[in-house]
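As stored in upload-v9.cif (mmCIF, C-alpha atoms):
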data_start
#
loop_
_atom_site.group_PDB
_atom_site.id
_atom_site.type_symbol
_atom_site.label_atom_id
_atom_site.label_comp_id
_atom_site.auth_asym_id
_atom_site.auth_seq_id
_atom_site.Cartn_x
_atom_site.Cartn_y
_atom_site.Cartn_z
ATOM 1 C CA MET A 1 -20.029 12.376 28.118
ATOM 2 C CA ALA A 2 -22.990 11.704 25.921
ATOM 3 C CA THR A 3 -23.488 8.170 24.660
ATOM 4 C CA ASP A 4 -25.832 7.115 21.866
ATOM 5 C CA THR A 5 -26.209 3.413 21.199
ATOM 6 C CA PRO A 6 -29.413 2.504 19.337
ATOM 7 C CA GLY A 7 -30.945 -0.832 20.187
ATOM 8 C CA ASP A 8 -32.698 -2.987 17.617
ATOM 9 C CA ASN A 9 -33.409 -0.290 15.038
ATOM 10 C CA ARG A 10 -31.640 -1.557 11.917
ATOM 11 C CA ALA A 11 -32.678 1.387 9.808
ATOM 12 C CA GLY A 12 -30.668 4.566 9.337
ATOM 13 C CA ASP A 13 -29.353 6.826 6.628
ATOM 14 C CA PRO A 14 -26.165 5.215 5.229
ATOM 15 C CA ASP A 15 -24.942 8.535 3.859
ATOM 16 C CA ALA A 16 -22.699 10.577 6.134
ATOM 17 C CA GLU A 17 -23.525 14.254 6.540
ATOM 18 C CA ASP A 18 -21.067 16.686 4.972
ATOM 19 C CA ALA A 19 -22.103 19.529 7.268
ATOM 20 C CA PRO A 20 -20.395 19.753 10.677
ATOM 21 C CA HIS A 21 -22.135 18.515 13.794
ATOM 22 C CA PRO A 22 -24.437 21.177 15.295
ATOM 23 C CA ALA A 23 -22.012 21.608 18.196
ATOM 24 C CA PHE A 24 -19.280 22.598 15.689
ATOM 25 C CA VAL A 25 -21.286 24.810 13.313
ATOM 26 C CA GLY A 26 -20.237 28.000 15.104
ATOM 27 C CA TYR A 27 -16.580 27.003 14.984
ATOM 28 C CA ALA A 28 -16.770 26.194 11.259
ATOM 29 C CA ALA A 29 -17.778 29.790 10.471
ATOM 30 C CA GLU A 30 -14.611 31.205 12.032
ATOM 31 C CA PRO A 31 -11.833 32.051 9.538
ATOM 32 C CA VAL A 32 -8.414 30.587 10.205
ATOM 33 C CA PRO A 33 -5.812 33.421 10.315
ATOM 34 C CA GLN A 34 -2.934 31.299 9.027
ATOM 35 C CA ALA A 35 -3.297 28.674 6.267
ATOM 36 C CA ALA A 36 -6.992 28.389 5.451
ATOM 37 C CA VAL A 37 -9.111 25.256 5.724
ATOM 38 C CA GLY A 38 -8.481 23.060 2.663
ATOM 39 C CA SER A 39 -5.072 24.535 1.824
ATOM 40 C CA PRO A 40 -1.994 22.297 1.319
ATOM 41 C CA GLY A 41 -0.927 20.684 4.564
ATOM 42 C CA LYS A 42 -4.340 21.271 6.159
ATOM 43 C CA ASP A 43 -6.438 18.843 4.113
ATOM 44 C CA GLY A 44 -4.731 15.505 4.814
ATOM 45 C CA VAL A 45 -5.694 12.365 2.918
ATOM 46 C CA LEU A 46 -4.726 8.766 3.685
ATOM 47 C CA GLU A 47 -5.799 5.754 1.630
ATOM 48 C CA LEU A 48 -4.836 2.141 2.379
ATOM 49 C CA ARG A 49 -6.075 -1.011 0.675
ATOM 50 C CA PHE A 50 -5.130 -4.548 1.708
ATOM 51 C CA GLU A 51 -5.691 -7.729 -0.299
ATOM 52 C CA SER A 52 -5.097 -11.394 0.452
ATOM 53 C CA GLY A 53 -2.811 -13.414 -1.834
ATOM 54 C CA ALA A 54 -0.779 -16.596 -1.939
ATOM 55 C CA ASP A 55 1.775 -15.169 0.505
ATOM 56 C CA GLY A 56 -0.771 -13.657 2.903
ATOM 57 C CA THR A 57 -2.057 -10.106 3.143
ATOM 58 C CA ALA A 58 -0.374 -7.330 1.160
ATOM 59 C CA LEU A 59 -0.772 -3.565 1.031
ATOM 60 C CA VAL A 60 -1.761 -3.106 -2.617
ATOM 61 C CA HIS A 61 -2.554 0.620 -2.588
ATOM 62 C CA ASP A 62 -1.405 3.524 -0.442
ATOM 63 C CA TYR A 63 -1.731 7.267 -0.879
ATOM 64 C CA ALA A 64 -0.830 9.886 1.713
ATOM 65 C CA THR A 65 -0.643 13.671 1.840
ATOM 66 C CA VAL A 66 0.691 15.814 4.699
ATOM 67 C CA PRO A 67 0.277 15.363 7.636
ATOM 68 C CA PHE A 68 0.214 11.612 6.895
ATOM 69 C CA HIS A 69 3.268 9.581 5.930
ATOM 70 C CA ILE A 70 3.688 5.873 5.194
ATOM 71 C CA SER A 71 7.094 4.153 5.308
ATOM 72 C CA GLY A 72 5.844 0.798 4.056
ATOM 73 C CA THR A 73 4.644 -2.256 5.941
ATOM 74 C CA LEU A 74 5.905 -4.219 8.923
ATOM 75 C CA GLY A 75 5.714 -8.012 8.796
ATOM 76 C CA HIS A 76 5.883 -8.673 12.525
ATOM 77 C CA ASP A 77 2.237 -9.391 13.313
ATOM 78 C CA PRO A 78 1.720 -12.618 15.336
ATOM 79 C CA HIS A 79 -0.819 -13.736 12.721
ATOM 80 C CA PRO A 80 1.167 -15.362 9.883
ATOM 81 C CA ALA A 81 -1.068 -13.921 7.133
ATOM 82 C CA ALA A 82 -1.451 -10.404 8.543
ATOM 83 C CA GLU A 83 0.091 -7.115 7.408
ATOM 84 C CA THR A 84 0.798 -4.027 9.517
ATOM 85 C CA VAL A 85 0.983 -0.309 8.741
ATOM 86 C CA PHE A 86 2.018 2.371 11.224
ATOM 87 C CA VAL A 87 0.885 5.814 10.105
ATOM 88 C CA GLN A 88 3.451 8.535 10.770
ATOM 89 C CA SER A 89 3.202 12.316 10.954
ATOM 90 C CA PRO A 90 6.044 14.784 10.196
ATOM 91 C CA THR A 91 4.116 17.608 11.894
ATOM 92 C CA GLY A 92 3.766 18.671 15.518
ATOM 93 C CA GLY A 93 0.151 17.597 15.740
ATOM 94 C CA VAL A 94 -3.361 18.496 14.634
ATOM 95 C CA ALA A 95 -3.918 22.254 14.253
ATOM 96 C CA GLN A 96 -6.978 24.473 13.919
ATOM 97 C CA GLY A 97 -8.561 24.232 10.487
ATOM 98 C CA ASP A 98 -7.124 20.780 9.772
ATOM 99 C CA ARG A 99 -9.420 18.340 7.980
ATOM 100 C CA HIS A 100 -8.280 14.728 7.690
ATOM 101 C CA ASP A 101 -9.811 11.970 5.549
ATOM 102 C CA VAL A 102 -8.726 8.376 6.173
ATOM 103 C CA THR A 103 -9.905 5.378 4.133
ATOM 104 C CA VAL A 104 -8.897 1.791 4.910
ATOM 105 C CA ASP A 105 -10.199 -1.104 2.803
ATOM 106 C CA VAL A 106 -9.527 -4.739 3.738
ATOM 107 C CA GLY A 107 -10.202 -7.328 1.053
ATOM 108 C CA VAL A 108 -11.643 -10.842 1.161
ATOM 109 C CA ASN A 109 -9.834 -13.058 3.725
ATOM 110 C CA ALA A 110 -7.225 -10.337 4.357
ATOM 111 C CA VAL A 111 -5.966 -9.536 7.884
ATOM 112 C CA ALA A 112 -4.689 -6.005 8.514
ATOM 113 C CA HIS A 113 -3.474 -3.986 11.484
ATOM 114 C CA VAL A 114 -3.380 -0.183 11.211
ATOM 115 C CA SER A 115 -2.091 2.077 13.978
ATOM 116 C CA THR A 116 -0.168 5.301 14.511
ATOM 117 C CA GLN A 117 3.506 5.496 15.387
ATOM 118 C CA SER A 118 2.874 7.853 18.321
ATOM 119 C CA ALA A 119 0.109 9.762 20.080
ATOM 120 C CA THR A 120 -1.983 12.279 18.141
ATOM 121 C CA LYS A 121 -1.579 15.719 19.718
ATOM 122 C CA VAL A 122 -4.527 18.051 19.111
ATOM 123 C CA GLN A 123 -3.032 21.524 19.532
ATOM 124 C CA THR A 124 -4.437 24.645 21.191
ATOM 125 C CA MET A 125 -7.029 26.406 19.015
ATOM 126 C CA ARG A 126 -8.375 29.951 18.930
ATOM 127 C CA ASP A 127 -10.361 29.777 15.682
ATOM 128 C CA ASN A 128 -12.341 27.130 13.792
ATOM 129 C CA TYR A 129 -11.742 23.467 14.745
ATOM 130 C CA ALA A 130 -10.034 20.273 13.559
ATOM 131 C CA GLY A 131 -11.934 17.343 12.098
ATOM 132 C CA ALA A 132 -11.226 13.775 11.011
ATOM 133 C CA GLU A 133 -13.365 11.503 8.834
ATOM 134 C CA THR A 134 -12.407 7.814 8.864
ATOM 135 C CA GLN A 135 -13.982 5.243 6.546
ATOM 136 C CA LEU A 136 -13.198 1.586 7.246
ATOM 137 C CA SER A 137 -14.491 -1.351 5.210
ATOM 138 C CA VAL A 138 -13.808 -5.063 5.622
ATOM 139 C CA ALA A 139 -14.775 -7.555 2.910
ATOM 140 C CA VAL A 140 -16.023 -11.142 3.331
ATOM 141 C CA ASP A 141 -14.144 -13.058 6.054
ATOM 142 C CA GLY A 142 -11.589 -10.262 6.429
ATOM 143 C CA HIS A 143 -10.332 -8.785 9.696
ATOM 144 C CA LEU A 144 -9.107 -5.291 10.614
ATOM 145 C CA ASP A 145 -7.452 -4.026 13.783
ATOM 146 C CA TYR A 146 -7.627 -0.216 13.824
ATOM 147 C CA VAL A 147 -6.028 0.734 17.139
ATOM 148 C CA PRO A 148 -4.226 4.107 17.069
ATOM 149 C CA GLU A 149 -2.089 5.445 19.886
ATOM 150 C CA PRO A 150 -3.848 7.859 22.322
ATOM 151 C CA THR A 151 -5.286 11.235 21.352
ATOM 152 C CA ILE A 152 -4.021 14.082 23.579
ATOM 153 C CA LEU A 153 -6.286 17.149 23.761
ATOM 154 C CA HIS A 154 -4.273 20.299 24.498
ATOM 155 C CA GLU A 155 -5.704 23.388 26.157
ATOM 156 C CA GLY A 156 -8.407 24.990 24.001
ATOM 157 C CA ALA A 157 -8.570 22.098 21.527
ATOM 158 C CA ARG A 158 -11.714 21.600 19.433
ATOM 159 C CA TYR A 159 -11.782 18.208 17.761
ATOM 160 C CA HIS A 160 -14.514 16.329 15.909
ATOM 161 C CA ALA A 161 -13.838 12.747 14.774
ATOM 162 C CA ASN A 162 -16.217 10.555 12.770
ATOM 163 C CA LEU A 163 -15.500 6.882 12.139
ATOM 164 C CA ASP A 164 -17.686 4.690 9.905
ATOM 165 C CA LEU A 165 -17.117 0.944 9.721
ATOM 166 C CA ASP A 166 -18.778 -1.317 7.153
ATOM 167 C CA LEU A 167 -18.490 -5.091 7.466
ATOM 168 C CA ALA A 168 -19.308 -7.695 4.839
ATOM 169 C CA GLN A 169 -20.551 -11.201 5.684
ATOM 170 C CA GLY A 170 -18.193 -12.964 8.094
ATOM 171 C CA ALA A 171 -15.939 -9.915 8.525
ATOM 172 C CA THR A 172 -14.691 -8.713 11.916
ATOM 173 C CA ALA A 173 -12.936 -5.627 13.267
ATOM 174 C CA VAL A 174 -11.420 -4.220 16.450
ATOM 175 C CA ILE A 175 -11.579 -0.425 16.835
ATOM 176 C CA GLY A 176 -9.687 1.257 19.689
ATOM 177 C CA GLU A 177 -9.529 4.762 21.118
ATOM 178 C CA VAL A 178 -7.805 6.309 24.158
ATOM 179 C CA VAL A 179 -8.427 9.972 25.020
ATOM 180 C CA VAL A 180 -6.063 11.956 27.262
ATOM 181 C CA PRO A 181 -7.620 15.283 28.390
ATOM 182 C CA GLY A 182 -4.455 17.388 28.344
ATOM 183 C CA ARG A 183 -0.732 17.288 28.981
ATOM 184 C CA LEU A 184 -1.102 15.591 32.350
ATOM 185 C CA ALA A 185 2.548 15.913 33.369
ATOM 186 C CA ARG A 186 2.235 19.695 33.387
ATOM 187 C CA GLY A 187 -1.077 19.681 35.280
ATOM 188 C CA GLU A 188 -3.281 20.322 32.238
ATOM 189 C CA ARG A 189 -6.584 18.511 32.738
ATOM 190 C CA PHE A 190 -9.883 19.085 30.920
ATOM 191 C CA ASP A 191 -8.768 22.453 29.586
ATOM 192 C CA PHE A 192 -9.761 21.603 25.999
ATOM 193 C CA GLU A 193 -12.893 23.255 24.633
ATOM 194 C CA ARG A 194 -14.792 20.455 22.918
ATOM 195 C CA TYR A 195 -14.253 16.842 21.851
ATOM 196 C CA LEU A 196 -16.787 14.775 19.916
ATOM 197 C CA SER A 197 -16.026 11.258 18.686
ATOM 198 C CA ARG A 198 -18.657 9.217 16.867
ATOM 199 C CA VAL A 199 -18.374 5.563 15.787
ATOM 200 C CA ARG A 200 -20.959 4.004 13.467
ATOM 201 C CA ALA A 201 -20.938 0.384 12.249
ATOM 202 C CA THR A 202 -23.023 -1.292 9.557
ATOM 203 C CA ASP A 203 -23.264 -4.709 7.917
ATOM 204 C CA PRO A 204 -25.329 -6.032 4.977
ATOM 205 C CA ASP A 205 -28.479 -5.811 7.117
ATOM 206 C CA GLY A 206 -27.998 -2.133 7.983
ATOM 207 C CA LEU A 207 -27.070 -0.308 11.164
ATOM 208 C CA LEU A 208 -25.327 -2.356 13.852
ATOM 209 C CA PHE A 209 -24.672 0.392 16.392
ATOM 210 C CA GLU A 210 -23.733 4.030 16.790
ATOM 211 C CA ASP A 211 -21.816 5.397 19.758
ATOM 212 C CA ALA A 212 -20.792 8.962 20.596
ATOM 213 C CA THR A 213 -18.467 10.482 23.181
ATOM 214 C CA HIS A 214 -19.071 14.215 23.625
ATOM 215 C CA LEU A 215 -16.985 16.141 26.154
ATOM 216 C CA ALA A 216 -17.055 19.918 26.505
ATOM 217 C CA PRO A 217 -15.752 21.068 29.914
ATOM 218 C CA GLY A 218 -17.650 24.119 31.091
ATOM 219 C CA ALA A 219 -20.275 24.023 28.329
ATOM 220 C CA ALA A 220 -23.955 24.012 29.194
ATOM 221 C CA ASP A 221 -24.906 21.360 26.609
ATOM 222 C CA THR A 222 -22.822 18.499 28.037
ATOM 223 C CA PRO A 223 -22.261 17.135 31.567
ATOM 224 C CA THR A 224 -19.089 18.037 33.439
ATOM 225 C CA PRO A 225 -16.466 15.320 32.691
ATOM 226 C CA GLY A 226 -15.796 14.848 36.409
ATOM 227 C CA ALA A 227 -19.443 14.262 37.248
ATOM 228 C CA ALA A 228 -20.651 10.939 38.610
ATOM 229 C CA GLY A 229 -21.695 8.666 35.779
ATOM 230 C CA VAL A 230 -19.362 10.400 33.317
ATOM 231 C CA MET A 231 -15.675 10.038 34.287
ATOM 232 C CA GLY A 232 -15.852 10.700 38.000
ATOM 233 C CA GLU A 233 -12.425 11.031 39.593
ATOM 234 C CA PHE A 234 -10.615 9.639 36.537
ATOM 235 C CA THR A 235 -8.985 11.544 33.694
ATOM 236 C CA VAL A 236 -8.129 9.110 30.866
ATOM 237 C CA TYR A 237 -10.862 7.368 28.899
ATOM 238 C CA GLY A 238 -10.566 4.387 26.552
ATOM 239 C CA THR A 239 -12.908 2.346 24.376
ATOM 240 C CA LEU A 240 -12.444 -0.850 22.383
ATOM 241 C CA PHE A 241 -15.171 -2.014 20.003
ATOM 242 C CA VAL A 242 -14.919 -5.673 19.042
ATOM 243 C CA VAL A 243 -17.286 -5.813 16.082
ATOM 244 C CA ALA A 244 -18.101 -9.407 15.194
ATOM 245 C CA PRO A 245 -21.775 -9.802 14.214
ATOM 246 C CA GLY A 246 -23.292 -13.056 15.389
ATOM 247 C CA ARG A 247 -20.066 -14.288 16.987
ATOM 248 C CA ASP A 248 -20.376 -13.105 20.589
ATOM 249 C CA GLY A 249 -21.002 -16.385 22.405
ATOM 250 C CA ASP A 250 -19.032 -16.007 25.639
ATOM 251 C CA LEU A 251 -16.819 -13.257 24.210
ATOM 252 C CA SER A 252 -18.320 -10.486 26.326
ATOM 253 C CA ASP A 253 -17.604 -12.412 29.536
ATOM 254 C CA ALA A 254 -14.041 -13.143 28.425
ATOM 255 C CA LEU A 255 -13.374 -9.505 27.540
ATOM 256 C CA HIS A 256 -14.888 -8.292 30.796
ATOM 257 C CA GLU A 257 -12.568 -10.573 32.737
ATOM 258 C CA ALA A 258 -9.575 -9.447 30.680
ATOM 259 C CA VAL A 259 -10.160 -5.728 31.176
ATOM 260 C CA THR A 260 -11.014 -5.985 34.874
ATOM 261 C CA THR A 261 -7.949 -8.054 35.800
ATOM 262 C CA ALA A 262 -5.357 -6.413 33.525
ATOM 263 C CA ASN A 263 -4.227 -3.810 36.064
ATOM 264 C CA GLU A 264 -4.864 -5.502 39.398
ATOM 265 C CA ALA A 265 -1.175 -5.387 40.302
ATOM 266 C CA ALA A 266 -0.511 -1.919 38.856
ATOM 267 C CA PRO A 267 0.032 1.071 41.175
ATOM 268 C CA HIS A 268 -2.500 3.142 39.200
ATOM 269 C CA ASP A 269 -5.316 0.752 38.378
ATOM 270 C CA ALA A 270 -7.602 1.277 35.445
ATOM 271 C CA ARG A 271 -11.286 0.542 35.948
ATOM 272 C CA GLY A 272 -12.983 -1.249 33.084
ATOM 273 C CA GLY A 273 -15.815 -3.414 31.930
ATOM 274 C CA ALA A 274 -17.392 -4.950 28.842
ATOM 275 C CA THR A 275 -20.920 -5.149 27.531
ATOM 276 C CA ARG A 276 -22.625 -6.633 24.500
ATOM 277 C CA LEU A 277 -23.374 -4.312 21.623
ATOM 278 C CA PRO A 278 -26.929 -4.106 20.226
ATOM 279 C CA ASN A 279 -28.029 -6.201 17.249
ATOM 280 C CA ASP A 280 -25.619 -8.981 18.262
ATOM 281 C CA ALA A 281 -22.859 -6.790 16.807
ATOM 282 C CA GLY A 282 -20.103 -7.734 19.253
ATOM 283 C CA VAL A 283 -18.728 -6.240 22.462
ATOM 284 C CA ALA A 284 -17.856 -2.747 23.728
ATOM 285 C CA VAL A 285 -15.031 -2.462 26.274
ATOM 286 C CA ARG A 286 -14.518 0.742 28.248
ATOM 287 C CA ALA A 287 -11.770 1.698 30.691
ATOM 288 C CA LEU A 288 -11.031 4.700 32.896
ATOM 289 C CA GLY A 289 -7.802 5.587 34.658
ATOM 290 C CA ASP A 290 -5.353 8.286 35.678
ATOM 291 C CA ARG A 291 -2.677 7.426 33.114
ATOM 292 C CA ALA A 292 -2.766 6.593 29.431
ATOM 293 C CA GLU A 293 -0.423 3.656 30.032
ATOM 294 C CA THR A 294 -2.770 1.800 32.376
ATOM 295 C CA VAL A 295 -5.874 2.433 30.281
ATOM 296 C CA SER A 296 -4.029 1.302 27.156
ATOM 297 C CA ALA A 297 -2.799 -1.801 28.993
ATOM 298 C CA ALA A 298 -6.337 -2.713 30.042
ATOM 299 C CA LEU A 299 -7.639 -2.319 26.498
ATOM 300 C CA HIS A 300 -4.673 -4.267 25.119
ATOM 301 C CA ALA A 301 -5.574 -7.197 27.374
ATOM 302 C CA ALA A 302 -9.109 -7.154 25.974
ATOM 303 C CA TRP A 303 -7.783 -6.772 22.419
ATOM 304 C CA ASP A 304 -5.510 -9.772 22.927
ATOM 305 C CA THR A 305 -8.417 -11.883 24.147
ATOM 306 C CA ALA A 306 -10.616 -10.785 21.260
ATOM 307 C CA ARG A 307 -7.951 -11.519 18.648
ATOM 308 C CA ARG A 308 -7.299 -14.995 20.002
ATOM 309 C CA ASN A 309 -11.023 -15.664 19.804
ATOM 310 C CA LEU A 310 -11.619 -14.184 16.330
ATOM 311 C CA ILE A 311 -8.464 -14.996 14.330
ATOM 312 C CA ASP A 312 -6.571 -17.380 16.631
ATOM 313 C CA ALA A 313 -3.615 -15.025 17.151
ATOM 314 C CA PRO A 314 -2.538 -12.713 19.985
ATOM 315 C CA ALA A 315 -2.541 -8.948 19.702
ATOM 316 C CA PRO A 316 0.711 -7.299 18.592
ATOM 317 C CA SER A 317 2.869 -5.916 21.394
ATOM 318 C CA GLY A 318 6.087 -4.017 21.836
ATOM 319 C CA ARG A 319 7.242 -0.422 21.453
ATOM 320 C CA LYS A 320 6.773 1.456 18.185
ATOM 321 C CA TYR A 321 9.497 4.046 18.660
#

Structure rendered as structure tokens:
Amino acid sequence: MATDTPGDNRAGDPDAEDAPHPAFVGYAAEPVPQAAVGSPGKDGVLELRFESGADGTALVHDYATVPFHISGTLGHDPHPAAETVFVQSPTGGVAQGDRHDVTVDVGVNAVAHVSTQSATKVQTMRDNYAGAETQLSVAVDGHLDYVPEPTILHEGARYHANLDLDLAQGATAVIGEVVVPGRLARGERFDFERYLSRVRATDPDGLLFEDATHLAPGAADTPTPGAAGVMGEFTVYGTLFVVAPGRDGDLSDALHEAVTTANEAAPHDARGGATRLPNDAGVAVRALGDRAETVSAALHAAWDTARRNLIDAPAPSGRKY
């Protein structure tokens, strides 16, 4: 697992590169034998925009193409002014050649929670790769929770995910990710080909941080996932970024306590910890475990603590399906 977290360098090119990451250039040149890249059903688009009004936050714009589907909003968030959207998929998962573009905009003083209804299954691939570009923006004093269900990497999967977050003055966000390296119940572990996830956050002063997780079992350009200092004896990996510029205080200590004590009584403990992000950007929480459930539970405990600190409301809980 490669990790890149710049320190105090606030510079950086704000424009995202259209070309694939160097590790995926070779895949991009491979033709897809079925529906080609960019054809209907392969080039998914999701757009969500939330605004604050007299009755709280409302979803004022939504647009979705296959494989995304929106059934409306859910008004069950513990925060009285928040709005929730669960993104659904009518397909069996992410296939080779898929390209997904997700845009979520949260307006001034709005509070939004966006998640997926179920896990994202990245299917077996023989040609090309699958990619996702996610653009998140939060306006002045707004808050966004973007915490999808886990990503499951099937045998041979090649998946590249980019997420860019832009915060205005006083805005905050919580970004979550859990990665499951195969269909664990059938003994599939680290049989995917390559996974690269990059998160980049900016504010009005420029770059806050950039973090990358790059796993490629068997490849010469990345460490073995089971190596010491990478994932060791664990299989499931989770990260929670609590992005709150200038508002850390004792938050990192509180999140560290939450993630380290969440699974003390569980039969399959997750191991976790928290650390401050550079440029006073907030806190990064990471957890490792043998099951998605325990890693997700550890991150949820940290998410709950962060939400109570930032917007004075607990994190949503309960089953989605």

* Show which residues sit within 7 Å of region 85-92 of chain A, as an MDAnalysis selection string. Count all atoms listed in the file, and ignore same-chain residues fewer than 3 positions away. => chainID A and resid 67:70 72:74 113:117

Set the distance at 6 Å and use only C-alpha atoms: which residues neighbour region 61-64 of chain A once local chain neighbours fewer than 4 positions away are removed? I'd like the list as a short mmCIF file (atom, residue, chain, number, x, y, z; two decimals) with C-alpha atoms, in the frame of the given file.
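Wrote part_22.cif, looks like this:
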data_model
loop_
_atom_site.label_atom_id
_atom_site.label_comp_id
_atom_site.auth_asym_id
_atom_site.auth_seq_id
_atom_site.Cartn_x
_atom_site.Cartn_y
_atom_site.Cartn_z
CA VAL A 45 -5.69 12.36 2.92
CA LEU A 46 -4.73 8.77 3.68
CA GLU A 47 -5.80 5.75 1.63
CA LEU A 48 -4.84 2.14 2.38
CA ARG A 49 -6.08 -1.01 0.68
CA PHE A 68 0.21 11.61 6.90
CA HIS A 69 3.27 9.58 5.93
#

* Asked: Care to translate the PyMOL selection byres ((chain A and resi 80) around 10) into actual residues of this file, as a PyMOL selection string?
  -> chain A and resi 55-57+75-79+81-83+111+313

* Separation of CA of Glu210 (chain A) and CA of Asp269 (chain A), in Å? ->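 Going from CA of Glu210 (chain A) over to CA of Asp269 (chain A), I get 28.6 Å.
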
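Note that the spacing between CA of Val285 (chain A) and CA of Gly206 (chain A) amounts to 22.4 Å.
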
* To do: Carefully work through the PyMOL selection byres ((chain A and resi 93) around 7) for this structure and note down the residues it includes, as a ChimeraX atom specification.
  => /A:91-92,94-95,120-123

* To do: Check which residues satisfy the PyMOL selection byres ((chain A and resi 178) around 9) in the file shown, then give them as a count of residues only.
  => 19

Missing atoms in region 132-145 of chain A should be modelled up to N, CA and C atoms and reported as a PDB file, in the coordinates of the input.
ATOM      1  N   ALA A 132     -11.743  14.975  11.660  1.00  0.00           N
ATOM      2  CA  ALA A 132     -11.226  13.775  11.011  1.00  0.00           C
ATOM      3  C   ALA A 132     -12.385  12.880  10.607  1.00  0.00           C
ATOM      4  N   GLU A 133     -12.376  12.440   9.352  1.00  0.00           N
ATOM      5  CA  GLU A 133     -13.365  11.503   8.834  1.00  0.00           C
ATOM      6  C   GLU A 133     -12.636  10.208   8.482  1.00  0.00           C
ATOM      7  N   THR A 134     -13.053   9.100   9.090  1.00  0.00           N
ATOM      8  CA  THR A 134     -12.407   7.814   8.864  1.00  0.00           C
ATOM      9  C   THR A 134     -13.425   6.820   8.334  1.00  0.00           C
ATOM     10  N   GLN A 135     -13.117   6.234   7.174  1.00  0.00           N
ATOM     11  CA  GLN A 135     -13.982   5.243   6.546  1.00  0.00           C
ATOM     12  C   GLN A 135     -13.244   3.903   6.519  1.00  0.00           C
ATOM     13  N   LEU A 136     -13.793   2.912   7.192  1.00  0.00           N
ATOM     14  CA  LEU A 136     -13.198   1.586   7.246  1.00  0.00           C
ATOM     15  C   LEU A 136     -14.158   0.582   6.626  1.00  0.00           C
ATOM     16  N   SER A 137     -13.657  -0.292   5.778  1.00  0.00           N
ATOM     17  CA  SER A 137     -14.491  -1.351   5.210  1.00  0.00           C
ATOM     18  C   SER A 137     -13.716  -2.659   5.220  1.00  0.00           C
ATOM     19  N   VAL A 138     -14.420  -3.744   5.555  1.00  0.00           N
ATOM     20  CA  VAL A 138     -13.808  -5.063   5.622  1.00  0.00           C
ATOM     21  C   VAL A 138     -14.669  -6.024   4.802  1.00  0.00           C
ATOM     22  N   ALA A 139     -14.057  -6.662   3.807  1.00  0.00           N
ATOM     23  CA  ALA A 139     -14.775  -7.555   2.910  1.00  0.00           C
ATOM     24  C   ALA A 139     -14.996  -8.925   3.568  1.00  0.00           C
ATOM     25  N   VAL A 140     -15.608  -9.827   2.826  1.00  0.00           N
ATOM     26  CA  VAL A 140     -16.023 -11.142   3.331  1.00  0.00           C
ATOM     27  C   VAL A 140     -14.854 -11.872   4.009  1.00  0.00           C
ATOM     28  N   ASP A 141     -15.101 -12.279   5.257  1.00  0.00           N
ATOM     29  CA  ASP A 141     -14.144 -13.058   6.054  1.00  0.00           C
ATOM     30  C   ASP A 141     -12.819 -12.344   6.293  1.00  0.00           C
ATOM     31  N   GLY A 142     -12.779 -11.031   6.110  1.00  0.00           N
ATOM     32  CA  GLY A 142     -11.589 -10.262   6.429  1.00  0.00           C
ATOM     33  C   GLY A 142     -11.586  -9.820   7.878  1.00  0.00           C
ATOM     34  N   HIS A 143     -10.446  -9.283   8.315  1.00  0.00           N
ATOM     35  CA  HIS A 143     -10.332  -8.785   9.696  1.00  0.00           C
ATOM     36  C   HIS A 143      -9.444  -7.544   9.705  1.00  0.00           C
ATOM     37  N   LEU A 144      -9.869  -6.538  10.463  1.00  0.00           N
ATOM     38  CA  LEU A 144      -9.107  -5.291  10.614  1.00  0.00           C
ATOM     39  C   LEU A 144      -8.958  -4.941  12.079  1.00  0.00           C
ATOM     40  N   ASP A 145      -7.723  -4.631  12.478  1.00  0.00           N
ATOM     41  CA  ASP A 145      -7.452  -4.026  13.783  1.00  0.00           C
ATOM     42  C   ASP A 145      -7.075  -2.574  13.522  1.00  0.00           C
TER      43      ASP A 145
END
